Every structure is written in structure tokens, then in C-alpha cells.
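This is coords.cif (mmCIF, C-alpha atoms).
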data_target
loop_
_atom_site.label_atom_id
_atom_site.label_comp_id
_atom_site.auth_asym_id
_atom_site.auth_seq_id
_atom_site.Cartn_x
_atom_site.Cartn_y
_atom_site.Cartn_z
CA MET G 1 -9.05 1.00 61.08
CA LYS G 2 -9.05 4.45 59.46
CA LEU G 3 -5.27 4.49 59.62
CA ALA G 4 -5.14 1.09 57.91
CA VAL G 5 -7.31 2.41 55.07
CA VAL G 6 -5.13 5.51 54.63
CA VAL G 7 -1.92 3.46 54.70
CA SER G 8 -3.25 0.92 52.20
CA LEU G 9 -4.34 3.79 49.90
CA LEU G 10 -0.84 5.23 50.09
CA PHE G 11 0.57 1.84 49.07
CA MET G 12 -1.74 1.72 46.09
CA THR G 13 -0.30 4.89 44.55
CA GLY G 14 2.50 2.93 42.91
CA CYS G 15 0.70 2.51 39.59
CA VAL G 16 1.96 4.83 36.85
CA ALA G 17 0.81 5.62 33.32
CA THR G 18 3.32 5.98 30.48
CA PRO G 19 3.42 9.72 29.73
CA VAL G 20 3.94 9.43 25.96
CA ALA G 21 1.32 11.54 24.19
CA ARG G 22 0.55 10.73 20.56
CA GLU G 23 -1.61 12.35 17.93
CA PHE G 24 -2.76 11.00 14.59
CA PRO G 25 -1.14 13.23 11.93
CA ALA G 26 -3.15 15.85 10.10
CA ALA G 27 -3.94 15.23 6.44
CA PRO G 28 -2.41 17.57 3.83
CA ALA G 29 -4.73 20.50 3.15
CA SER G 30 -4.85 19.68 -0.58
CA LEU G 31 -6.57 16.36 0.20
CA THR G 32 -9.21 17.82 2.48
CA THR G 33 -10.82 20.23 0.02
CA ALA G 34 -14.30 19.28 -1.14
CA CYS G 35 -14.98 18.34 -4.74
CA ALA G 36 -16.64 21.14 -6.71
CA ALA G 37 -20.07 20.68 -8.26
CA LEU G 38 -20.21 19.79 -11.96
CA ALA G 39 -20.62 22.71 -14.33
CA ASP G 40 -23.91 23.23 -16.14
CA VAL G 41 -23.92 23.41 -19.92
CA PRO G 42 -24.95 26.96 -20.93
CA ALA G 43 -28.02 27.37 -23.16
CA THR G 44 -26.63 26.87 -26.65
CA ASP G 45 -27.18 24.92 -29.84
CA LYS G 46 -23.46 24.51 -30.51
CA LEU G 47 -22.03 21.06 -29.88
CA SER G 48 -18.56 22.50 -29.31
CA VAL G 49 -19.84 24.42 -26.25
CA VAL G 50 -21.49 21.27 -24.92
CA LEU G 51 -18.30 19.30 -25.52
CA ALA G 52 -16.21 21.89 -23.70
CA THR G 53 -18.42 21.73 -20.62
CA VAL G 54 -18.61 17.95 -20.64
CA THR G 55 -14.84 17.53 -20.92
CA GLN G 56 -14.39 20.13 -18.18
CA ASN G 57 -16.67 18.02 -15.95
CA TYR G 58 -14.71 14.88 -16.85
CA ALA G 59 -11.51 16.58 -15.74
CA GLN G 60 -13.19 17.71 -12.55
CA TYR G 61 -14.34 14.16 -11.84
CA LYS G 62 -10.83 12.80 -12.52
CA GLU G 63 -9.32 15.33 -10.13
CA CYS G 64 -11.82 14.41 -7.44
CA SER G 65 -11.23 10.70 -8.01
CA ILE G 66 -7.47 11.21 -7.67
CA ARG G 67 -8.08 13.10 -4.43
CA VAL G 68 -10.15 10.23 -3.02
CA ASP G 69 -7.43 7.76 -4.04
CA ALA G 70 -4.78 9.93 -2.39
CA TRP G 71 -6.95 10.29 0.72
CA ASN G 72 -7.31 6.49 1.01
CA THR G 73 -3.59 5.97 0.45
CA TRP G 74 -2.82 8.66 3.02
CA TYR G 75 -5.10 7.08 5.64
CA ASN G 76 -3.79 3.54 5.08
CA GLU G 77 -0.15 4.67 5.18
CA GLN G 78 -0.59 6.81 8.27
CA LYS G 79 -2.55 4.11 10.09
CA LYS G 80 0.22 1.61 9.32
CA ILE G 81 2.84 4.02 10.70
CA PHE G 82 0.70 4.89 13.73
CA ASP G 83 -0.01 1.25 14.58
CA SER G 84 3.67 0.31 14.21
CA VAL G 85 4.49 2.08 17.50
CA LYS G 86 3.81 -0.36 20.34
CA MET N 1 3.97 4.86 48.48
CA MET N 2 6.03 5.15 45.32
CA TRP N 3 5.38 8.89 45.21
CA LEU N 4 8.21 9.05 47.76
CA LEU N 5 10.60 8.21 44.91
CA SER N 6 9.96 11.67 43.47
CA PHE N 7 11.05 13.43 46.64
CA VAL N 8 13.86 11.32 48.07
CA PRO N 9 16.96 10.38 46.05
CA ASP N 10 17.46 6.67 45.32
CA PHE N 11 20.72 6.43 47.26
CA VAL N 12 18.81 7.13 50.50
CA TYR N 13 16.92 3.82 50.10
CA HIS N 14 20.12 1.95 49.23
CA LEU N 15 21.70 3.42 52.36
CA LEU N 16 18.64 2.59 54.49
CA LEU N 17 18.74 -1.01 53.28
CA VAL N 18 22.43 -1.42 54.04
CA LEU N 19 22.12 0.26 57.45
CA SER N 20 19.07 -1.80 58.42
CA ILE N 21 20.87 -5.04 57.46
CA VAL N 22 23.92 -3.96 59.44
CA ALA N 23 21.76 -2.98 62.44
CA PHE N 24 19.79 -6.22 62.24
CA ALA N 25 22.99 -8.27 62.17
CA ALA N 26 24.49 -6.13 64.91
CA SER N 27 21.54 -6.87 67.20
CA TYR N 28 22.68 -10.52 67.14
CA PHE N 29 26.45 -10.31 66.88
CA LEU N 30 27.52 -7.12 68.67
CA LYS N 31 26.15 -7.86 72.10
CA MET N 32 29.40 -6.64 73.69
CA ILE N 33 28.37 -3.08 72.87
CA PRO N 34 26.32 -1.89 75.86
CA PHE N 35 23.72 0.07 73.83
CA VAL N 36 23.09 -2.81 71.43
CA SER N 37 22.87 -5.44 74.15
CA ALA N 38 20.46 -3.30 76.17
CA ASN N 39 18.19 -2.52 73.22
CA ALA N 40 18.67 -5.61 71.06
CA GLU N 41 14.94 -6.31 70.69
CA VAL N 42 14.09 -2.73 69.76
CA VAL N 43 17.00 -2.48 67.31
CA ARG N 44 15.95 -5.78 65.73
CA ILE N 45 12.31 -4.75 65.30
CA VAL N 46 13.10 -1.26 64.05
CA SER N 47 15.83 -2.49 61.67
CA LEU N 48 13.53 -5.21 60.36
CA ALA N 49 10.78 -2.65 59.72
CA VAL N 50 13.24 -0.32 57.99
CA MET N 51 14.61 -3.27 55.98
CA ILE N 52 11.11 -4.24 54.76
CA PHE N 53 10.41 -0.61 53.82
CA ALA N 54 13.79 -0.27 52.05
CA VAL N 55 13.30 -3.54 50.13
CA TRP N 56 9.83 -2.36 49.10
CA MET N 57 11.26 0.93 47.87
CA GLU N 58 14.11 -0.88 46.07
CA GLY N 59 11.41 -2.79 44.18
CA GLY N 60 9.78 0.53 43.38
CA ILE N 61 13.07 1.99 42.13
CA ALA N 62 13.62 -1.04 39.87
CA ASN N 63 10.05 -0.77 38.57
CA GLU N 64 10.40 2.97 38.03
CA ALA N 65 13.64 2.40 36.08
CA LYS N 66 11.88 -0.20 33.93
CA TRP N 67 9.06 2.22 33.12
CA LYS N 68 11.45 5.06 32.40
CA ALA N 69 13.32 2.82 29.95
CA ARG N 70 9.99 1.86 28.33
CA VAL N 71 8.99 5.53 28.03
CA ALA N 72 12.36 6.43 26.51
CA GLU N 73 12.01 3.56 24.03
CA LEU N 74 8.48 4.69 23.13
CA GLU N 75 9.58 8.30 22.71
CA ILE N 76 12.21 7.19 20.20
CA LYS N 77 9.63 5.11 18.32
CA VAL N 78 7.10 7.98 18.35
CA ALA N 79 9.72 10.41 17.02
CA ALA N 80 10.59 7.94 14.22
CA ALA N 81 6.88 7.45 13.45
CA GLU N 82 6.31 11.22 13.31
CA LYS N 83 9.22 11.56 10.86
CA ALA N 84 7.86 8.69 8.75
CA ALA N 85 4.39 10.30 8.81
CA VAL N 86 5.75 13.62 7.53
CA GLU N 87 7.70 11.82 4.77
CA ALA N 88 4.62 9.80 3.79
CA ASN N 89 2.56 13.02 3.69
CA GLY N 90 5.11 14.58 1.35
CA LYS N 91 5.21 11.56 -0.99
CA ILE N 92 1.41 11.23 -1.16
CA GLU N 93 0.99 14.94 -1.82
CA THR N 94 3.64 14.83 -4.57
CA VAL N 95 1.89 11.89 -6.29
CA TYR N 96 -1.46 13.70 -5.97
CA VAL N 97 -0.13 16.96 -7.41
CA ASP N 98 1.57 15.10 -10.32
CA ARG N 99 -1.58 13.19 -11.21
CA VAL N 100 -3.74 16.34 -11.08
CA ARG N 101 -1.20 18.14 -13.25
CA VAL N 102 -1.49 15.40 -15.90
CA VAL N 103 -5.30 15.71 -15.84
CA LYS N 104 -5.06 19.48 -16.28
CA GLU N 105 -2.55 19.11 -19.13
CA VAL N 106 -4.79 16.62 -20.95
CA GLN N 107 -7.78 18.89 -20.28
CA TYR N 108 -5.88 21.82 -21.81
CA VAL N 109 -5.06 19.77 -24.92
CA VAL N 110 -8.68 18.59 -25.26
CA GLN N 111 -10.07 22.12 -24.85
CA ALA N 112 -7.59 23.38 -27.46
CA ARG N 113 -8.69 20.66 -29.84
CA ILE N 114 -12.36 21.55 -29.32
CA ALA N 115 -11.60 25.23 -29.94
CA LYS N 116 -9.64 24.36 -33.10
CA ASP N 117 -12.34 22.11 -34.53
CA ALA N 118 -15.34 24.05 -33.19
CA ALA N 119 -16.37 25.35 -36.60
CA ARG N 120 -16.33 21.86 -38.13
CA ILE N 121 -18.11 20.28 -35.14
CA ASP N 122 -20.85 22.93 -35.07
CA LEU N 123 -21.33 22.87 -38.87
CA THR N 124 -22.83 19.39 -38.98
CA CYS N 125 -24.59 19.24 -35.60
CA ARG N 126 -27.17 21.43 -33.89
CA VAL N 127 -27.93 20.62 -30.26
CA ASP N 128 -31.56 20.55 -29.19
CA PRO N 129 -32.25 22.55 -25.96
CA GLU N 130 -33.82 19.39 -24.52
CA ALA N 131 -30.40 17.66 -24.68
CA ILE N 132 -28.87 20.51 -22.64
CA ASP N 133 -31.60 20.13 -20.00
CA ILE N 134 -31.02 16.38 -19.79
CA LEU N 135 -27.24 16.84 -19.42
CA ASN N 136 -27.64 19.49 -16.70
CA GLN N 137 -30.19 17.41 -14.84
CA ALA N 138 -27.73 14.52 -14.83
CA ALA N 139 -24.92 16.81 -13.67
CA ARG N 140 -26.96 18.12 -10.74
CA ALA N 141 -28.09 14.68 -9.51
CA GLY N 142 -27.23 14.23 -5.84
CA ASP N 143 -26.04 17.83 -5.32
CA LYS N 144 -26.51 19.42 -1.88
CA LYS N 145 -29.62 21.62 -1.75
#
Could you show the structure in this file as C-alpha cells?
Amino acid sequence: MKLAVVVSLLFMTGCVATPVAREFPAAPASLTTACAALADVPATDKLSVVLATVTQNYAQYKECSIRVDAWNTWYNEQKKIFDSVK
Amino acid sequence: MMWLLSFVPDFVYHLLLVLSIVAFAASYFLKMIPFVSANAEVVRIVSLAVMIFAVWMEGGIANEAKWKARVAELEIKVAAAEKAAVEANGKIETVYVDRVRVVKEVQYVVQARIAKDAARIDLTCRVDPEAIDILNQAARAGDKK
């Protein structure tokens, strides 16, 4: 009986796994940096100083928004490529 | 049992199959040979057992070949996907860098314009400190503490 169990176990070792390792690609470093906090307006009564800070914050927001767009595009593209291998 | 395929070359199983078939047939047809006629039953049983084993291993060899072909096919696809991923990374990064550059260029122009017209802007408008507080409060909304 024991021999039968051992023999049947030996017969069951025919199953193999496909040894093809895959990794999801790493995102470009430029896309993984966090968005900076908005700048405070310094204490002033000059509108030009306020304007400068506000436009600087607008630019910062735009840059961050572009990064999020690029991140989404990157993920969708890479997922499509990754899923295409079957 | 298929682990045997890693240790014994495939031709051994082909040879075993051929020999077992020959021995099995010989146990019926070569009765004029004294050894065969005397041990016909034993030769038949042993050759049949070897034949079953060899056929089993032949199946394993065919299956192994199929898997190896599948692995090779997948490796080619993975290599192509890795190349496509690197290319996609490059394109996305280029688009990102270009768009950020445009933002910075516009920002530079706007800041230059503010600097140029600062005297005129400040001449007709004085900002109340309360407005600064409100702006900064809005800017800090949702910041990490």
C-alpha cells in the first residue's frame, strides 16, 4: 500500500509551471515626485507681489496637473502592453 | 515521473520503445530461438511493461516539447513587451517634459509682465492684509499637517 502511494506520487510530478517571470515596469522618476505645496503670499500691500505669488501657484498647479495626466497615461499604456502578453 | 526526463536523454526512451516492441513481437514470432521460446512469457510481460513505460515517457517528451515551445513563445512576447514599455516610458516622459516646459515659459513671460507693470498695478491698488490672509488660508486648505 505504501509503495502504491509513493509510486502514484512519483507519477503526479509531471505537472510543470511556465518559468517566465514578468514584472510591471517602473514609472519614470519624474512622474513619481510629489506635488509641492502652494506658496503663501508674503505680508504686503502691493498687488504686484500678490499677483506674482498667485501666478506662481497657478503654474505649480498646472505642472502637477500635467504630472497626473502623464501618470494616468503611463499606467494605461503600460497596463495595455502588460496585458497584451498572453 | 516526468522528472526522469531531466536526467535521461530522450533517445533512451525512443530506443526503449523500439526494443520493447521488437522483444514483444519476438516473443511470438521467434520461437525457434531457444532463449526466446524458453522465456516467452517473461519476455512478453517484461517487454509489455517496458513498452507501457516508454509510451508514457514518450507522452511526457511530447508534452515537455509543447511547454518548451510555449515558454519560448512567451519569452519572445515578454521581450517585445519590455521593449514597448521602455519606448512608451520615453514617449510619455518626453510629452510630460515638453508640457512642463511650456508652463514654465508662460510663467516666465507672466512674471516678466508683472515686474514690468508693477509700478502701474501698485499705483491704483492697495491690498488689505485681510485679503492676504484669505488667499493663504485657501492655499493651505487640505495640506498635510
Name the residues that the PyMOL selection byres ((chain N and resi 48-56) around 10) picks from the file above, as a list in words, using the file's chain letters and numbers.
-> Met1, Met2, Val12, Tyr13, His14, Leu15, Leu16, Leu17, Val18, Leu19, Ser20, Ile21, Val22, Ala23, Phe24, Val42, Val43, Arg44, Ile45, Val46, Ser47, Met57, Glu58, Gly59, Gly60 and Ile61 of chain N
May I have the residues within 12 Å of Thr124 of chain N as a PyMOL selection string, using all atoms listed in the file and disregarding those fewer than 3 positions away in the same chain?
-> (chain G and resi 45-48) or (chain N and resi 117-121+127)
Skipping near chain neighbours, those fewer than 3 positions away, what residues fall within 12 Å of segment 79-84 of chain G using only C-alpha atoms, listed as a PyMOL selection string?
-> (chain G and resi 22-27+72-76) or (chain N and resi 74+77-89)
Contacts of Arg140 of chain N at 8 Å (only C-alpha atoms; same-chain gap of 4+ positions) as a PyMOL selection string = (chain G and resi 37-38) or (chain N and resi 136)
Distance in Å - atom CA of Ala52 of chain G versus atom CA of Glu105 of chain N |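 About the pair atom CA of Ala52 of chain G and atom CA of Glu105 of chain N: they are 14.7 Å apart.
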Atom CA of Arg101 of chain N to atom CA of Asp69 of chain G, distance in Å rounded to a single decimal |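 These two atoms are separated by 15.2 Å.
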Could you jot down the atom CA of Thr32 of chain G to atom CA of Asp98 of chain N separation for me, Å, one decimal place?
->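 That distance, rounded to one decimal, is 17.0 Å.
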Listed atoms of segment 26-32 of chain G boxed axis-aligned with 6 Å per side, centre + edges as lines of an AutoDock Vina configuration file:
center_x = -5.8
center_y = 17.9
center_z = 4.8
size_x = 18.8
size_y = 17.3
size_z = 22.7
Top pick for closest residue to Val50 of chain G, considering N:Glu93, N:Ala25, N:Lys31, N:Gln111 and counting only C-alpha atoms =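 Between N:Glu93, N:Ala25, N:Lys31, N:Gln111, the residue approaching Val50 of chain G most closely is N:Gln111.
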With a distance cut-off of 10 Å and all atoms listed in the file, select the neighbouring residues of Gln60 of chain G, excluding the residue or stretch itself and same-chain residues fewer than 6 positions from it, and output the selection as a list of chain:residue names.
->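 Near Gln60 of chain G, the qualifying residues are G:Cys35, G:Ala36, G:Ala37, G:Leu38, G:Ala39, G:Val54, G:Ile66, N:Val100, N:Val103, N:Lys104, N:Gln107.
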G:Leu51, G:Val85, G:Cys64, G:Ala70 ranked by distance to Pro28 of chain G, top pick (using only C-alpha atoms) |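 Of all the options, G:Ala70 lies closest to Pro28 of chain G.
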Nearest candidate to chain G (options N:Ile134, N:Ile76, N:Ala141, N:Val71; using all atoms listed in the file) = N:Val71
With distances taken over all atoms listed in the file, which of N:Ile92, N:Ser37, N:Ala139, N:Asp10 is nearest to Glu77 of chain G?
->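 For Glu77 of chain G, the nearest of the given residues is N:Ile92.
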